[in-house]
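Novice: Please find one structure pasted underneath; my questions will follow.
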Amino acid sequence: MTTAAVPTVRLTVGQATIRFLVNQFSERDGVEHRLIAGAFGIFGHGNVAGLGQALLQNEVDPAPDGGRMEYIMPRNEQGMVHAASAYAKTTNRMSTWMCTSSIGPGALNMVTGAALATTNRLPVLLFPSDQFANRVPDPVLQQVENAQTLDTSVNDCFRPVAAFFDRINRPEQLIPSLIQAMRTLTDPADTGAVVIAMPEDVQAEAYDFPVDFFRRRVWHVRRTPLERAALERAVELVRSAERPLVVAGGGVVYSEASRELREFAAATGIPVADTQAGKGAINFDHPQSVGGVGSTGGDSANHLADRADLVIGVGTRYSDFTTASASQFKNPDVRFVNVNVKPFDAVKESGEMLVADAREALRDLTTALAGHHVQEAYAREVAQEKAAWEERVHGCTHLGHGPLPAQTEVFGALNEMMGDQDVVINAAGSMPGDLQALWQARTPEQYHVEYAFSCMGYEIPAALGVKLARPEAEVVSIVGDGTYQMLPMELATIAQEGIKVIFVLLQNYGFASIGALSESHGSQRFGTRYRRGGGERHTADGELLHVDIAKNAESWGIDVIKVHTIEEFRQAYAKAHASERATMIHIETDLYGPNPPSSSWWDVPVAEVSRLASTQEARQQYLLDRVDQRHYLR
């Protein structure tokens, strides 16, 4: 008896990778998505004749069973990973892009992007090239040699920041590796950066791959149901609570559970605060929406959080900003109920674990709590806190500050002009704090702030990724001058691809956030202002450094409009909105604020001993601020 031969096709590892990827799809609730929507690639020795050749071949002569993989040429390896992360975030993790780099420095440039993706629980697929598997050219150009072992390359730096890591040393290893990669990308609990290191000789090596490997595969993204016993325990805690508060995180948005959250809040009267990733999950004008919570939250949410006896975390990882470094929830009897697809996050704060999809859990909780509503006195308190804070928001965004406007006024104008389906982007500096406190999001799509890794340089490549995912939306990326100088290169990619986005460049000649933090902690804004040096102290008020960011942006191929007042800014935004080209609006703002009033804390330790009086005073204040800090254990 003979066994029928398995049909095969002879391809290089690079060609097989692309042919496999164009046939992968994700599905949830009956809606399918192309899992790998396209490829970013910067080529050098390592991938130019491997994955680069495969992408070229796919573009010129696509395989009949999968079609074409879109390719975009980025300028920076870190930037292209940020763009892929932003795309994944915008599609609620149902789709992403692959990124390929050359070996050595090109690969290492992607590590920061990988860390951002994994920290934010966002799927990205990375193919860093690697040194020769056959070790004949050894050491190869750009190879870092480790004298302890010949089996280590710079790509091992990806291991601690990857959700899945593998290295393909033989062609047949590609088959199980790519299957596991797709499993990780579509796992709602364990997704993140998927890294497959590709030795450059293996990329170009041919192998007879089974044809079945390239069949169309649909990866079904699960919705984990809520366990009955866990539901019963949670319902008992909610019914016994007098001052419950929901903290809505990014998991609500990713699971597309906004409607269920709003219905739960309306039915029970329980107020809903939001994290950076969760903003917009409940519309700001919903009666139970009380705004951002934590270190950069507003008074309404933070006052309620201070006195809450039950915190219902839905899809939140409880970062230190959300918990105000374990000082926000001050009620000594506070309890936690945590809804999360990831047990690692559900167990935080010693909470009652509800390991489930946010949408499924909220539906079950709403049904099980039918007829239950918070007490009238608490409902009135929630309404009063909400109204008082909204009045403060209006004041912060309509200051009439001068001679330079405050950045809060720019945000207020943007908030009024942008549509419900438009997208505002930010990631680092003082701006995420102001935005969490002040931005009034009407939809979950409108607010895109990366504050898990808070990576300076994210904003410009993120605009590329978001626009690729939402071409119909107006995409507005707010960029500080500090962030701009770290990673502006994808402006050239945006210009080359003819992608229309709007950048708002806030120029204040320094690092506003760290400057204020430094000053409040006794370090006198050391090293945070763009002033001429020449031997002067770095706290001195020297001459401003005249780096013309507007001209620099224009040199990348972007239209630039320079304005000075909020009224001019409004006019410039209208012009940029009407344009079909990428536009940057440049406006100088006051480095010193003012910023929204703070009602919470963030733990940044101050030197215990110092000869500086400013540091000594800050240390005493730090000790007072730590009084409310504790571990939420019982």
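Simple scheme: letters A, B, ... for chains in structure tokens order, numbers from 1 for residues in each chain, numbers from 1 for ligands in the order shown.
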Mind checking which residues fall within 6 Å of range 425-429 of chain A, counting only C-alpha atoms, ignoring those fewer than 2 positions away in the same chain, and posting them as a list in words?
Specialist: Met431, His448, Val449, Glu450, Tyr451, Ser454, Met456, Glu459, Ser477, Ile478 and Ser513 of chain A
Novice: Give me every strand (DSSP E or B) residue in range 211-375 of chain A, going by DSSP on the backbone, as a PyMOL selection string.
Specialist: chain A and resi 217-220+244-248+272-274+289-292+310-314+335-340+352-355
Novice: Print the selection's residues with C-alpha atoms to a file, as a PDB file, in the first residue's frame.
Specialist:
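In the end it all went to out.pdb:
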ATOM      1  CA  ARG A 217      -7.347  30.284   7.293  1.00  0.00           C
ATOM      2  CA  VAL A 218      -9.812  32.197   9.439  1.00  0.00           C
ATOM      3  CA  TRP A 219      -8.723  32.770  13.034  1.00  0.00           C
ATOM      4  CA  HIS A 220     -11.796  33.153  15.219  1.00  0.00           C
ATOM      5  CA  PRO A 244     -19.694  51.631  43.509  1.00  0.00           C
ATOM      6  CA  LEU A 245     -17.591  53.018  40.657  1.00  0.00           C
ATOM      7  CA  VAL A 246     -16.747  51.496  37.266  1.00  0.00           C
ATOM      8  CA  VAL A 247     -13.263  52.064  35.842  1.00  0.00           C
ATOM      9  CA  ALA A 248     -13.461  51.463  32.084  1.00  0.00           C
ATOM     10  CA  VAL A 272     -18.213  55.265  35.043  1.00  0.00           C
ATOM     11  CA  ALA A 273     -14.688  56.703  35.106  1.00  0.00           C
ATOM     12  CA  ASP A 274     -12.246  55.996  32.313  1.00  0.00           C
ATOM     13  CA  SER A 289     -19.907  59.375  32.738  1.00  0.00           C
ATOM     14  CA  VAL A 290     -17.609  61.115  35.243  1.00  0.00           C
ATOM     15  CA  GLY A 291     -14.393  61.387  33.206  1.00  0.00           C
ATOM     16  CA  GLY A 292     -10.786  60.407  33.664  1.00  0.00           C
ATOM     17  CA  LEU A 310     -16.428  48.992  45.307  1.00  0.00           C
ATOM     18  CA  VAL A 311     -14.359  49.492  42.159  1.00  0.00           C
ATOM     19  CA  ILE A 312     -15.516  47.534  39.101  1.00  0.00           C
ATOM     20  CA  GLY A 313     -12.585  47.466  36.710  1.00  0.00           C
ATOM     21  CA  VAL A 314     -13.571  46.515  33.171  1.00  0.00           C
ATOM     22  CA  ARG A 335     -13.191  46.097  47.289  1.00  0.00           C
ATOM     23  CA  PHE A 336     -12.454  45.328  43.633  1.00  0.00           C
ATOM     24  CA  VAL A 337     -14.295  43.351  40.971  1.00  0.00           C
ATOM     25  CA  ASN A 338     -12.201  42.957  37.833  1.00  0.00           C
ATOM     26  CA  VAL A 339     -13.501  41.978  34.399  1.00  0.00           C
ATOM     27  CA  ASN A 340     -10.634  41.075  32.088  1.00  0.00           C
ATOM     28  CA  GLU A 352     -12.798  39.270  42.487  1.00  0.00           C
ATOM     29  CA  MET A 353     -11.706  37.789  39.168  1.00  0.00           C
ATOM     30  CA  LEU A 354     -14.197  37.793  36.301  1.00  0.00           C
ATOM     31  CA  VAL A 355     -12.108  36.310  33.494  1.00  0.00           C
TER      32      VAL A 355
END
Novice: Which residues, written as a PDB file with N, CA and C atoms, in the first residue's frame, have at least one atom at most 9 Å from Ala576 in chain A, with only C-alpha atoms counted and residues fewer than 5 positions away on the same chain left out?
Specialist:
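The result, stored in around-v5.pdb:
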ATOM      1  N   VAL A 501      -3.280  63.759   6.623  1.00  0.00           N
ATOM      2  CA  VAL A 501      -3.490  63.850   8.056  1.00  0.00           C
ATOM      3  C   VAL A 501      -3.208  65.285   8.471  1.00  0.00           C
ATOM      4  N   ILE A 502      -3.640  65.635   9.679  1.00  0.00           N
ATOM      5  CA  ILE A 502      -3.378  66.970  10.233  1.00  0.00           C
ATOM      6  C   ILE A 502      -2.511  66.812  11.469  1.00  0.00           C
ATOM      7  N   ASP A 559       2.580  70.522   4.120  1.00  0.00           N
ATOM      8  CA  ASP A 559       2.126  71.906   4.171  1.00  0.00           C
ATOM      9  C   ASP A 559       2.138  72.383   5.617  1.00  0.00           C
ATOM     10  N   ILE A 561       1.188  75.634   8.351  1.00  0.00           N
ATOM     11  CA  ILE A 561       0.523  76.910   8.634  1.00  0.00           C
ATOM     12  C   ILE A 561       0.956  77.351  10.030  1.00  0.00           C
ATOM     13  N   GLN A 571      -9.051  79.027  12.333  1.00  0.00           N
ATOM     14  CA  GLN A 571      -9.081  79.280  10.887  1.00  0.00           C
ATOM     15  C   GLN A 571      -8.139  78.325  10.150  1.00  0.00           C
ATOM     16  N   ARG A 581      -4.123  67.551   1.330  1.00  0.00           N
ATOM     17  CA  ARG A 581      -2.727  67.261   1.616  1.00  0.00           C
ATOM     18  C   ARG A 581      -2.475  67.234   3.126  1.00  0.00           C
ATOM     19  N   ALA A 582      -1.446  66.530   3.511  1.00  0.00           N
ATOM     20  CA  ALA A 582      -1.032  66.532   4.913  1.00  0.00           C
ATOM     21  C   ALA A 582      -0.611  67.933   5.313  1.00  0.00           C
ATOM     22  N   THR A 583      -1.087  68.371   6.461  1.00  0.00           N
ATOM     23  CA  THR A 583      -0.847  69.747   6.899  1.00  0.00           C
ATOM     24  C   THR A 583      -0.425  69.756   8.357  1.00  0.00           C
ATOM     25  N   MET A 584       0.528  70.628   8.674  1.00  0.00           N
ATOM     26  CA  MET A 584       0.908  70.851  10.072  1.00  0.00           C
ATOM     27  C   MET A 584       0.530  72.270  10.462  1.00  0.00           C
ATOM     28  N   ILE A 585      -0.165  72.397  11.597  1.00  0.00           N
ATOM     29  CA  ILE A 585      -0.480  73.710  12.164  1.00  0.00           C
ATOM     30  C   ILE A 585       0.495  73.940  13.312  1.00  0.00           C
TER      31      ILE A 585
END
Novice: Which residues come within 9 Å of Gly278 in chain A, counting only C-alpha atoms, excluding same-chain residues fewer than 2 positions away, as a ChimeraX atom specification?
Specialist: /A:247-253,273-276,280-282,292,315-316,444,447
Novice: Could you please take those selected residues and save C-alpha atoms as a PDB file, in the first residue's frame?
Specialist:
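Output file again22.pdb follows:
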ATOM      1  CA  VAL A 247     -13.263  52.064  35.842  1.00  0.00           C
ATOM      2  CA  ALA A 248     -13.461  51.463  32.084  1.00  0.00           C
ATOM      3  CA  GLY A 249     -10.203  50.540  30.358  1.00  0.00           C
ATOM      4  CA  GLY A 250      -9.093  49.744  26.844  1.00  0.00           C
ATOM      5  CA  GLY A 251     -10.617  46.282  27.017  1.00  0.00           C
ATOM      6  CA  VAL A 252     -14.074  47.844  26.717  1.00  0.00           C
ATOM      7  CA  VAL A 253     -13.073  49.500  23.456  1.00  0.00           C
ATOM      8  CA  ALA A 273     -14.688  56.703  35.106  1.00  0.00           C
ATOM      9  CA  ASP A 274     -12.246  55.996  32.313  1.00  0.00           C
ATOM     10  CA  THR A 275      -8.548  55.384  31.778  1.00  0.00           C
ATOM     11  CA  GLN A 276      -6.557  56.766  28.860  1.00  0.00           C
ATOM     12  CA  GLY A 280     -14.816  57.319  24.856  1.00  0.00           C
ATOM     13  CA  ALA A 281     -16.047  53.859  25.820  1.00  0.00           C
ATOM     14  CA  ILE A 282     -18.860  55.800  27.446  1.00  0.00           C
ATOM     15  CA  GLY A 292     -10.786  60.407  33.664  1.00  0.00           C
ATOM     16  CA  GLY A 315     -10.724  45.859  30.759  1.00  0.00           C
ATOM     17  CA  THR A 316      -8.127  47.836  32.715  1.00  0.00           C
ATOM     18  CA  PRO A 444     -14.680  55.221  21.376  1.00  0.00           C
ATOM     19  CA  TYR A 447      -9.666  59.313  21.337  1.00  0.00           C
TER      20      TYR A 447
END
Novice: Show which residues sit within 10 Å of Gln621 in chain A, as a PyMOL selection string. Count only C-alpha atoms, and ignore same-chain residues fewer than 4 positions away.
Specialist: chain A and resi 520-521+606+615-617+625-626
Novice: Counting only C-alpha atoms, which of A:Ala368, A:Thr224, A:Arg183, A:Arg359 gets nearest to Ser258 in chain A?
Specialist: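 Closest residue, counting only C-alpha atoms: A:Arg359.
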Novice: From the list A:Glu236, A:Asp299, A:Glu497, A:Asp590, which residue is nearest Leu468 in chain A when using only C-alpha atoms?
Specialist: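 Ranking A:Glu236, A:Asp299, A:Glu497, A:Asp590 by distance to Leu468 in chain A, first place goes to A:Glu497.
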Novice: Can you work out which one of A:Phe20, A:Arg307, A:Asp481, A:Met80 has the shortest atom-to-atom distance to Ile179 in chain A, counting only C-alpha atoms?
Specialist: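 Closest residue, counting only C-alpha atoms: A:Phe20.
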Novice: For Gly482 in chain A, which residue out of A:Gln421, A:Ala441, A:Val161, A:Cys455 is the nearest one, using only C-alpha atoms?
Specialist: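 Closest to Gly482 in chain A, using only C-alpha atoms: A:Cys455.
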Novice: Using only C-alpha atoms, which protein or nucleic acid residues come within 12 Å of Ala387 in chain A? Drop anything in the same chain fewer than 2 positions from it, and give the result as a list in words.
Specialist: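 The contact residues come out as Phe284, Asp285, His286, Pro287, Gln288, Ser289, Val290, Gly291, Gly298, Asp299, Ser300, Ala301, Arg380, Glu381, Val382, Ala383, Gln384, Glu385, Trp389, Glu390, Glu391, Arg392, Val393 and His394 of chain A.
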Novice: If you run DSSP on this backbone, which residues of range 313-411 of chain A come out as helix (DSSP H, G or I), and could you give them as JSON, numbers by chain?
Specialist: {"A": [343, 344, 345, 346, 348, 349, 350, 358, 359, 360, 361, 362, 363, 364, 365, 366, 367, 368, 376, 377, 378, 379, 380, 381, 382, 383, 384, 385, 386, 387, 388, 389, 390, 391, 392, 393, 394, 395, 396, 397, 407, 408, 409, 410, 411]}
Novice: Please compute the CA of Thr367 in chain A-CA of Asn92 in chain A distance, one decimal, in Å.
Specialist: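 Here the two named atoms are 25.7 Å from each other.
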Novice: From the list A:Thr528, A:Pro594, A:Glu263, A:Asp548, which residue is nearest Leu399 in chain A when using only C-alpha atoms?
Specialist: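 Selected residue with least distance to Leu399 in chain A: A:Pro594.
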Novice: Contacts of His82 in chain A at 7 Å or less, counting only C-alpha atoms, minus same-chain residues fewer than 2 places along, as a ChimeraX atom specification?
Specialist: /A:78-80,84-86,113,458,461-462
Novice: What does the distance from CA of Gly371 in chain A to CA of Gly269 in chain A come to in Å, to one decimal?
Specialist: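 Computing it gives 10.8 Å between the two atoms.
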